[in-house]
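With PDB, C-alpha atoms and all ligand atoms inside, this is upload-v5.pdb:
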ATOM      1  CA  MET A 133       0.000   0.000   0.000
ATOM      2  CA  ILE A 134       2.897   2.366   0.815
ATOM      3  CA  SER A 135       6.370   2.280  -0.621
ATOM      4  CA  PHE A 136       9.386   4.555  -0.373
ATOM      5  CA  SER A 137      12.155   4.155  -2.901
ATOM      6  CA  GLN A 138      15.411   6.006  -2.224
ATOM      7  CA  VAL A 139      13.507   8.854  -0.590
ATOM      8  CA  THR A 140      15.433  11.891   0.572
ATOM      9  CA  LYS A 141      13.857  14.981   2.091
ATOM     10  CA  ARG A 142      15.790  18.175   2.651
ATOM     11  CA  TYR A 143      13.923  21.209   3.988
ATOM     12  CA  PRO A 144      14.901  24.598   2.596
ATOM     13  CA  GLY A 145      18.020  25.714   4.433
ATOM     14  CA  GLY A 146      18.119  22.521   6.488
ATOM     15  CA  HIS A 147      20.037  19.309   6.457
ATOM     16  CA  GLU A 148      18.508  16.035   5.327
ATOM     17  CA  ALA A 149      15.472  15.066   7.410
ATOM     18  CA  LEU A 150      15.330  11.719   5.548
ATOM     19  CA  SER A 151      18.188  10.096   3.634
ATOM     20  CA  GLY A 152      17.748   7.337   1.047
ATOM     21  CA  VAL A 153      14.782   5.710   2.779
ATOM     22  CA  ASN A 154      13.427   2.464   1.331
ATOM     23  CA  LEU A 155      10.405   0.772   2.845
ATOM     24  CA  ALA A 156       7.265  -1.138   2.009
ATOM     25  CA  ILE A 157       4.114  -1.287   4.110
ATOM     26  CA  GLU A 158       1.438  -3.752   3.096
ATOM     27  CA  LYS A 159      -2.285  -3.138   3.263
ATOM     28  CA  GLY A 160      -3.559  -3.950   6.757
ATOM     29  CA  GLU A 161      -0.185  -3.682   8.480
ATOM     30  CA  LEU A 162       0.278  -2.008  11.849
ATOM     31  CA  VAL A 163       3.606  -0.186  11.867
ATOM     32  CA  PHE A 164       5.217   1.828  14.643
ATOM     33  CA  LEU A 165       7.802   4.464  13.855
ATOM     34  CA  THR A 166      10.232   5.178  16.626
ATOM     35  CA  GLY A 167      13.384   7.246  16.958
ATOM     36  CA  HIS A 168      14.740  10.306  18.738
ATOM     37  CA  SER A 169      13.192  13.742  18.366
ATOM     38  CA  GLY A 170      14.249  15.117  14.980
ATOM     39  CA  ALA A 171      14.871  11.620  13.572
ATOM     40  CA  GLY A 172      12.418  12.257  10.726
ATOM     41  CA  LYS A 173       9.243  10.526  11.944
ATOM     42  CA  SER A 174       6.884  13.439  11.240
ATOM     43  CA  THR A 175       8.528  14.041   7.895
ATOM     44  CA  LEU A 176       7.982  10.427   6.862
ATOM     45  CA  LEU A 177       4.270  10.669   7.748
ATOM     46  CA  LYS A 178       3.936  14.016   5.977
ATOM     47  CA  LEU A 179       5.403  12.552   2.788
ATOM     48  CA  ILE A 180       2.800   9.756   2.830
ATOM     49  CA  ALA A 181      -0.024  12.297   3.151
ATOM     50  CA  ALA A 182       1.505  14.643   0.541
ATOM     51  CA  ILE A 183       1.828  17.389   3.146
ATOM     52  CA  GLU A 184       5.473  17.536   2.116
ATOM     53  CA  ARG A 185       7.066  16.368  -1.128
ATOM     54  CA  PRO A 186      10.313  14.402  -1.354
ATOM     55  CA  THR A 187      13.456  16.157  -2.563
ATOM     56  CA  SER A 188      14.300  12.972  -4.469
ATOM     57  CA  GLY A 189      13.044   9.419  -4.704
ATOM     58  CA  VAL A 190       9.523   8.063  -5.037
ATOM     59  CA  VAL A 191       6.772   7.864  -2.409
ATOM     60  CA  SER A 192       3.928   5.695  -3.580
ATOM     61  CA  VAL A 193       0.551   5.215  -1.875
ATOM     62  CA  SER A 194      -1.978   2.781  -3.394
ATOM     63  CA  GLY A 195      -0.014   2.840  -6.627
ATOM     64  CA  GLN A 196       0.016   6.638  -6.888
ATOM     65  CA  ASN A 197       3.246   8.610  -6.918
ATOM     66  CA  VAL A 198       2.136  11.050  -4.225
ATOM     67  CA  GLY A 199       5.221  13.241  -4.487
ATOM     68  CA  ARG A 200       4.109  14.125  -8.001
ATOM     69  CA  LEU A 201       0.378  14.476  -7.434
ATOM     70  CA  PRO A 202      -1.050  17.695  -8.797
ATOM     71  CA  GLN A 203      -2.439  19.946  -6.043
ATOM     72  CA  ARG A 204      -6.021  19.308  -7.140
ATOM     73  CA  ALA A 205      -5.637  15.533  -6.646
ATOM     74  CA  ILE A 206      -4.489  15.822  -3.026
ATOM     75  CA  PRO A 207      -7.978  16.143  -1.456
ATOM     76  CA  TYR A 208      -8.906  12.798  -3.070
ATOM     77  CA  LEU A 209      -5.806  11.144  -1.628
ATOM     78  CA  ARG A 210      -6.574  12.571   1.835
ATOM     79  CA  ARG A 211     -10.157  11.363   1.727
ATOM     80  CA  ASN A 212      -8.862   7.850   2.369
ATOM     81  CA  ILE A 213      -6.335   8.865   5.007
ATOM     82  CA  GLY A 214      -7.065   9.637   8.641
ATOM     83  CA  LEU A 215      -4.522  12.159   9.927
ATOM     84  CA  ILE A 216      -3.680  12.615  13.585
ATOM     85  CA  PHE A 217      -0.980  15.264  13.754
ATOM     86  CA  GLN A 218       0.205  17.520  16.511
ATOM     87  CA  ASP A 219      -1.006  20.714  14.884
ATOM     88  CA  HIS A 220      -4.612  19.645  15.251
ATOM     89  CA  LYS A 221      -6.103  21.903  12.597
ATOM     90  CA  LEU A 222      -9.341  21.978  14.563
ATOM     91  CA  LEU A 223     -11.982  24.430  13.435
ATOM     92  CA  PHE A 224     -12.556  26.957  16.192
ATOM     93  CA  ASP A 225     -15.689  28.421  14.604
ATOM     94  CA  ARG A 226     -17.451  25.058  15.133
ATOM     95  CA  ASN A 227     -18.202  23.037  18.211
ATOM     96  CA  VAL A 228     -16.902  19.555  19.030
ATOM     97  CA  ILE A 229     -19.555  17.532  17.229
ATOM     98  CA  GLU A 230     -19.501  19.845  14.211
ATOM     99  CA  ASN A 231     -15.749  19.283  13.906
ATOM    100  CA  VAL A 232     -16.244  15.531  13.874
ATOM    101  CA  VAL A 233     -19.237  15.433  11.554
ATOM    102  CA  LEU A 234     -17.672  17.692   8.938
ATOM    103  CA  PRO A 235     -15.644  15.000   7.107
ATOM    104  CA  LEU A 236     -18.844  12.932   6.739
ATOM    105  CA  ASP A 237     -20.827  15.932   5.499
ATOM    106  CA  ILE A 238     -18.110  16.633   2.942
ATOM    107  CA  ALA A 239     -18.224  13.003   1.809
ATOM    108  CA  GLY A 240     -21.955  13.470   1.223
ATOM    109  CA  PHE A 241     -23.439  11.115   3.821
ATOM    110  CA  ASP A 242     -26.897  11.641   5.259
ATOM    111  CA  HIS A 243     -26.493  14.287   7.967
ATOM    112  CA  ARG A 244     -28.635  12.562  10.611
ATOM    113  CA  GLU A 245     -26.781   9.276  10.173
ATOM    114  CA  SER A 246     -23.508  11.181  10.276
ATOM    115  CA  LEU A 247     -24.452  12.850  13.548
ATOM    116  CA  LYS A 248     -25.149   9.438  15.078
ATOM    117  CA  ARG A 249     -21.831   8.073  13.925
ATOM    118  CA  ALA A 250     -19.987  11.203  15.084
ATOM    119  CA  ARG A 251     -21.597  10.971  18.508
ATOM    120  CA  ALA A 252     -20.560   7.307  18.850
ATOM    121  CA  VAL A 253     -16.921   8.170  18.125
ATOM    122  CA  ILE A 254     -17.016  11.198  20.442
ATOM    123  CA  ASP A 255     -18.332   8.906  23.144
ATOM    124  CA  LYS A 256     -15.426   6.491  22.584
ATOM    125  CA  VAL A 257     -12.862   9.245  23.089
ATOM    126  CA  GLY A 258     -14.713  10.437  26.215
ATOM    127  CA  LEU A 259     -15.920  13.825  24.961
ATOM    128  CA  LEU A 260     -19.677  13.329  24.875
ATOM    129  CA  LYS A 261     -20.206  15.798  27.717
ATOM    130  CA  ARG A 262     -18.337  18.411  25.687
ATOM    131  CA  GLU A 263     -20.049  17.858  22.336
ATOM    132  CA  LYS A 264     -21.414  21.420  22.222
ATOM    133  CA  ALA A 265     -18.212  23.017  23.500
ATOM    134  CA  ASN A 266     -15.923  25.089  21.349
ATOM    135  CA  PRO A 267     -12.547  23.367  20.872
ATOM    136  CA  VAL A 268     -10.854  26.514  22.262
ATOM    137  CA  SER A 269     -12.254  25.640  25.674
ATOM    138  CA  LEU A 270     -10.790  22.116  25.652
ATOM    139  CA  SER A 271      -7.533  21.117  27.303
ATOM    140  CA  GLY A 272      -4.604  19.945  25.169
ATOM    141  CA  GLY A 273      -5.439  16.307  25.837
ATOM    142  CA  GLU A 274      -9.116  16.860  24.987
ATOM    143  CA  GLN A 275      -8.170  18.583  21.744
ATOM    144  CA  GLN A 276      -5.980  15.600  20.972
ATOM    145  CA  ARG A 277      -8.895  13.229  21.572
ATOM    146  CA  LEU A 278     -11.141  15.390  19.392
ATOM    147  CA  CYS A 279      -8.554  15.225  16.642
ATOM    148  CA  ILE A 280      -8.493  11.434  16.963
ATOM    149  CA  ALA A 281     -12.305  11.237  16.788
ATOM    150  CA  ARG A 282     -12.310  13.349  13.640
ATOM    151  CA  ALA A 283      -9.662  11.162  12.003
ATOM    152  CA  LEU A 284     -11.494   7.924  12.840
ATOM    153  CA  VAL A 285     -15.077   8.925  12.056
ATOM    154  CA  SER A 286     -14.814   8.267   8.336
ATOM    155  CA  ARG A 287     -13.160   4.872   8.915
ATOM    156  CA  PRO A 288     -10.213   5.588   6.640
ATOM    157  CA  ALA A 289      -8.306   2.760   4.946
ATOM    158  CA  LEU A 290      -5.060   4.330   6.125
ATOM    159  CA  LEU A 291      -4.428   6.011   9.450
ATOM    160  CA  LEU A 292      -1.326   8.135  10.091
ATOM    161  CA  ALA A 293      -0.713   9.252  13.655
ATOM    162  CA  ASP A 294       2.113  11.402  15.008
ATOM    163  CA  GLU A 295       2.552  10.847  18.770
ATOM    164  CA  PRO A 296      -1.205  10.307  19.174
ATOM    165  CA  THR A 297      -0.983   9.565  22.883
ATOM    166  CA  GLY A 298       1.731  12.101  23.691
ATOM    167  CA  ASN A 299      -0.532  14.466  25.654
ATOM    168  CA  LEU A 300      -2.848  11.917  27.141
ATOM    169  CA  ASP A 301      -3.293  10.408  30.590
ATOM    170  CA  ALA A 302      -2.488   6.690  30.736
ATOM    171  CA  GLY A 303      -6.182   5.719  30.813
ATOM    172  CA  TYR A 304      -7.067   7.669  27.667
ATOM    173  CA  ALA A 305      -3.876   6.547  25.953
ATOM    174  CA  ALA A 306      -4.865   2.924  26.545
ATOM    175  CA  ASP A 307      -8.393   3.590  25.191
ATOM    176  CA  ILE A 308      -6.986   5.179  22.055
ATOM    177  CA  MET A 309      -4.613   2.282  21.526
ATOM    178  CA  THR A 310      -7.567  -0.092  21.883
ATOM    179  CA  MET A 311      -9.375   1.859  19.162
ATOM    180  CA  PHE A 312      -6.313   1.568  16.937
ATOM    181  CA  ARG A 313      -6.215  -2.173  17.566
ATOM    182  CA  ASP A 314      -9.895  -2.459  16.594
ATOM    183  CA  PHE A 315      -9.184  -0.600  13.361
ATOM    184  CA  HIS A 316      -6.232  -2.860  12.683
ATOM    185  CA  GLN A 317      -8.444  -5.900  13.191
ATOM    186  CA  VAL A 318     -10.872  -4.760  10.507
ATOM    187  CA  GLY A 319      -8.072  -4.278   7.985
ATOM    188  CA  THR A 320      -7.060  -0.636   8.381
ATOM    189  CA  THR A 321      -3.409   0.138   7.667
ATOM    190  CA  LEU A 322      -1.871   2.132  10.532
ATOM    191  CA  VAL A 323       1.418   3.977  10.764
ATOM    192  CA  ILE A 324       1.991   5.404  14.237
ATOM    193  CA  ALA A 325       4.970   7.497  15.314
ATOM    194  CA  THR A 326       5.403   7.081  19.039
ATOM    195  CA  HIS A 327       7.743   7.064  22.016
ATOM    196  CA  ASP A 328       5.202   5.000  23.919
ATOM    197  CA  ASP A 329       6.941   1.648  24.369
ATOM    198  CA  ARG A 330       4.047   0.262  26.386
ATOM    199  CA  ALA A 331       1.714   0.875  23.457
ATOM    200  CA  ILE A 332       4.065  -0.908  21.086
ATOM    201  CA  MET A 333       4.345  -3.869  23.380
ATOM    202  CA  ALA A 334       0.591  -3.994  23.950
ATOM    203  CA  LEU A 335      -0.352  -3.869  20.281
ATOM    204  CA  GLY A 336       2.496  -5.800  18.708
ATOM    205  CA  GLY A 337       2.996  -4.948  15.068
ATOM    206  CA  ARG A 338       6.130  -4.004  13.240
ATOM    207  CA  THR A 339       8.583  -1.375  14.410
ATOM    208  CA  LEU A 340      10.640   0.825  12.122
ATOM    209  CA  GLN A 341      13.310   2.886  13.774
ATOM    210  CA  LEU A 342      14.544   6.170  12.365
ATOM    211  CA  ASP A 343      17.948   7.458  13.289
ATOM    212  CA  HIS A 344      19.000  10.812  11.838
ATOM    213  CA  GLY A 345      16.851  10.276   8.760
ATOM    214  CA  LYS A 346      17.945   6.703   8.101
ATOM    215  CA  ILE A 347      15.667   3.775   8.602
ATOM    216  CA  GLY A 348      16.180   0.395  10.203
ATOM    217  CA  GLU A 349      13.840  -2.355  11.273
ATOM    218  CA  VAL A 350      13.624  -3.461  14.895
ATOM    219  CA  ALA A 351      13.445  -7.227  15.275
ATOM    220  CA  ALA A 352      10.222  -8.261  17.014
TER     221      ALA A 352
HETATM  222  P1  LIG B 401      10.629  13.783  14.344
HETATM  223  O1  LIG B 401       9.183  13.735  13.968
HETATM  224  O2  LIG B 401      11.279  12.437  14.388
HETATM  225  O3  LIG B 401      10.866  14.577  15.579
HETATM  226  P2  LIG B 401      10.897  15.563  12.069
HETATM  227  O4  LIG B 401      10.518  14.818  10.839
HETATM  228  O5  LIG B 401       9.903  16.487  12.655
HETATM  229  O6  LIG B 401      11.409  14.523  13.160
HETATM  230  O7  LIG B 401      12.199  16.382  11.786
HETATM  231  C1  LIG B 401      13.337  15.847  11.104
HETATM  232  C2  LIG B 401      14.332  16.966  10.869
HETATM  233  O8  LIG B 401      13.809  17.894   9.940
HETATM  234  C3  LIG B 401      14.675  17.758  12.109
HETATM  235  O9  LIG B 401      16.041  18.107  12.020
HETATM  236  C4  LIG B 401      13.793  18.988  11.990
HETATM  237  O10 LIG B 401      14.333  20.090  12.669
HETATM  238  C5  LIG B 401      13.755  19.201  10.505
HETATM  239  N1  LIG B 401      12.497  19.830  10.055
HETATM  240  C6  LIG B 401      11.256  19.343  10.235
HETATM  241  N2  LIG B 401      10.341  20.137   9.669
HETATM  242  C7  LIG B 401      11.050  21.154   9.118
HETATM  243  C8  LIG B 401      10.697  22.301   8.374
HETATM  244  N3  LIG B 401       9.411  22.553   8.062
HETATM  245  N4  LIG B 401      11.671  23.129   7.972
HETATM  246  C9  LIG B 401      12.964  22.858   8.266
HETATM  247  N5  LIG B 401      13.375  21.804   8.957
HETATM  248  C10 LIG B 401      12.424  20.969   9.387
HETATM  249  P1  LIG B 402       6.584  17.321  15.419
HETATM  250  O1  LIG B 402       7.730  16.376  15.188
HETATM  251  O2  LIG B 402       6.383  17.648  16.851
HETATM  252  O3  LIG B 402       5.316  17.002  14.671
HETATM  253  P2  LIG B 402       7.361  19.280  13.452
HETATM  254  O4  LIG B 402       7.465  18.209  12.431
HETATM  255  O5  LIG B 402       6.494  20.452  13.178
HETATM  256  O6  LIG B 402       6.960  18.739  14.888
HETATM  257  O7  LIG B 402       8.782  19.811  13.794
HETATM  258  C1  LIG B 402       9.786  18.968  14.240
HETATM  259  C2  LIG B 402      11.049  19.765  14.392
HETATM  260  O8  LIG B 402      11.266  20.520  13.207
HETATM  261  C3  LIG B 402      11.010  20.764  15.530
HETATM  262  O9  LIG B 402      12.255  20.714  16.184
HETATM  263  C4  LIG B 402      10.777  22.087  14.873
HETATM  264  O10 LIG B 402      11.401  23.124  15.588
HETATM  265  C5  LIG B 402      11.420  21.876  13.525
HETATM  266  N1  LIG B 402      10.718  22.649  12.540
HETATM  267  C6  LIG B 402       9.426  22.548  12.225
HETATM  268  N2  LIG B 402       9.092  23.433  11.303
HETATM  269  C7  LIG B 402      10.220  24.127  11.047
HETATM  270  C8  LIG B 402      10.545  25.191  10.171
HETATM  271  N3  LIG B 402       9.602  25.746   9.381
HETATM  272  N4  LIG B 402      11.782  25.651  10.150
HETATM  273  C9  LIG B 402      12.718  25.101  10.930
HETATM  274  N5  LIG B 402      12.491  24.084  11.767
HETATM  275  C10 LIG B 402      11.263  23.613  11.825
END

Take the structure from the file and write it as structure tokens.
Ligand code: ADP
Ligand code: ADP
Amino acid sequence: MISFSQVTKRYPGGHEALSGVNLAIEKGELVFLTGHSGAGKSTLLKLIAAIERPTSGVVSVSGQNVGRLPQRAIPYLRRNIGLIFQDHKLLFDRNVIENVVLPLDIAGFDHRESLKRARAVIDKVGLLKREKANPVSLSGGEQQRLCIARALVSRPALLLADEPTGNLDAGYAADIMTMFRDFHQVGTTLVIATHDDRAIMALGGRTLQLDHGKIGEVAA
């Protein structure tokens, strides 16, 4: 489903964030990305979602060369990808449930059905009591959970998460990891950047380690 062939990413004025990365992730795999801060984990996820483009090499997702996608094709790519990033991109002119239901409205689902589905996901992340609240009034951890609900509501085939449990209490972190496991069990492909060793051990899966932009596999 995802392949990197000799992928290098250099930011303007920076050194190489990724150097000659090769990898293949099959449909339905659960993959953890680990490595020190600045190792290139976020960059790798951003290349998959076409948030950044490679400096050289080929990033392919579902057979598409995403580094070469024209700008107008990117929304179609993203429609099948759930993104959980640290800059939450929440909409502060809408309340909690409106933030979660929006992806379903955009996809053209029946609004009443969408509200039901949104409420079920909001319940799972423990925000039902705050469904009418503005995201501004939520704590960092609550915003994180809202972001996770929004990414999961459309049941994407591919889920990319950058330190999804970084801000969360242990209880919520475990709940989120359980949700990820459920998605994995129904065939979703997940790539999760994390420092959370407990999560990795609990969920199993494959671990890729980045070190200064170079990739290695950690034996299970
Ligand atoms: P990680 O997610 O593992 O912490 P990143 O992918 O965020 O690593 O960063 C890899 C390297 O690229 C770091 O040296 C970081 O400072 C640099 N970097 C990340 N984003 C940018 C950017 N937008 N502009 C310049 N340098 C960046
Ligand atoms: P994260 O890994 O937390 O998602 P980012 O990918 O945004 O965060 O950034 C990772 C590192 O890259 C940080 O150290 C940040 O300071 C650096 N960085 C991000 N954007 C830029 C930028 N535009 N210019 C220089 N460094 C950047």

Expressed in Å to a single decimal, how great is the separation between CA of Gln138 (chain A) and CA of Val191 (chain A)?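 Those two atoms sit 8.8 Å apart.
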
Please provide the set of residues having any atom within 10 Å of Met309 (chain A), restricted to all atoms listed in the file, with same-chain residues fewer than 5 positions apart removed, written as a list in words.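 Skipping anything fewer than 5 positions along the chain leaves Pro296, Thr297, Tyr304, Asp314, Phe315, Ala331, Ile332, Ala334 and Leu335 of chain A.
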
Kindly resolve the PyMOL selection byres (((chain A and resi 272) around 12) and not hetatm) on the present coordinates and return the residues as a count of residues only. 22

The centre and edge lengths of an axis-aligned box containing all atoms of ligand LIG 402 (chain B) present in the file, extended by 5 Å on each side, are to be given in Å to one decimal, as lines of an AutoDock Vina configuration file.
center_x = 9.0
center_y = 21.1
center_z = 13.1
size_x = 17.4
size_y = 19.4
size_z = 17.5

Please identify all polymer residues within 12 Å of Ala239 (chain A), counting all atoms listed in the file, omitting same-chain residues fewer than 5 positions from it, and present them as a list in words.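 With the cut-off at 12 Å, the set is Pro207, Tyr208, Arg210, Arg211, Asn212, Val233, Leu234, Ser246, Val285, Ser286, Arg287 and Pro288 of chain A.
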
Would you list the contacts of region 341-345 of chain A as JSON, numbers by chain, taking every protein, DNA or RNA residue within 6 Å and counting all atoms listed in the file, but skipping same-chain residues closer than 2 positions in sequence? {"A": [149, 150, 151, 165, 166, 167, 171, 172, 347, 348, 349]}

Evaluate the PyMOL selection byres (((not hetatm)) within 6 of (chain B and resi 401)) on the structure here and hand back the selected residues as an NGL selection string. :A and (143 or 146 or 149 or 168-175)

CA of Arg226 (chain A) and CA of Arg262 (chain A), how far apart in Å?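 For CA of Arg262 (chain A) relative to CA of Arg226 (chain A), the distance reads 12.5 Å.
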
Residues at most 7 Å from region 318-327 of chain A, counting all atoms listed in the file, excluding those fewer than 6 positions away in the same chain, as a PyMOL selection string? chain A and resi 159-166+173+289-295

I need the chosen residues saved as a PDB file, in the frame of the given file, with C-alpha atoms.
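Listing of part-v3.pdb after writing:
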ATOM      1  CA  LYS A 159      -2.285  -3.138   3.263  1.00  0.00           C
ATOM      2  CA  GLY A 160      -3.559  -3.950   6.757  1.00  0.00           C
ATOM      3  CA  GLU A 161      -0.185  -3.682   8.480  1.00  0.00           C
ATOM      4  CA  LEU A 162       0.278  -2.008  11.849  1.00  0.00           C
ATOM      5  CA  VAL A 163       3.606  -0.186  11.867  1.00  0.00           C
ATOM      6  CA  PHE A 164       5.217   1.828  14.643  1.00  0.00           C
ATOM      7  CA  LEU A 165       7.802   4.464  13.855  1.00  0.00           C
ATOM      8  CA  THR A 166      10.232   5.178  16.626  1.00  0.00           C
ATOM      9  CA  LYS A 173       9.243  10.526  11.944  1.00  0.00           C
ATOM     10  CA  ALA A 289      -8.306   2.760   4.946  1.00  0.00           C
ATOM     11  CA  LEU A 290      -5.060   4.330   6.125  1.00  0.00           C
ATOM     12  CA  LEU A 291      -4.428   6.011   9.450  1.00  0.00           C
ATOM     13  CA  LEU A 292      -1.326   8.135  10.091  1.00  0.00           C
ATOM     14  CA  ALA A 293      -0.713   9.252  13.655  1.00  0.00           C
ATOM     15  CA  ASP A 294       2.113  11.402  15.008  1.00  0.00           C
ATOM     16  CA  GLU A 295       2.552  10.847  18.770  1.00  0.00           C
TER      17      GLU A 295
END

Taking into account only C-alpha atoms, which residue in the set A:Val228, A:Ala250, A:Leu223, A:Ile183 is nearest to Ala265 (chain A)?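 Looking at the shortest contact to Ala265 (chain A), the residue is A:Val228.
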
If the PyMOL selection byres (((chain A and resi 185) around 8) and not hetatm) is run on the structure shown, which residues does it catch, given as a ChimeraX atom specification? /A:141,179,182-184,186-187,198-200

Point out the residue among A:Ile216, A:Leu260, A:Ser137, A:Leu209 with the least atom-to-atom distance to ligand LIG 402 (chain B), counting all atoms listed in the file. A:Ile216

Of the listed residues A:Leu177, A:Gly337, A:Lys248, A:Phe217, that which approaches Arg313 (chain A) most closely, counting all atoms listed in the file: A:Gly337
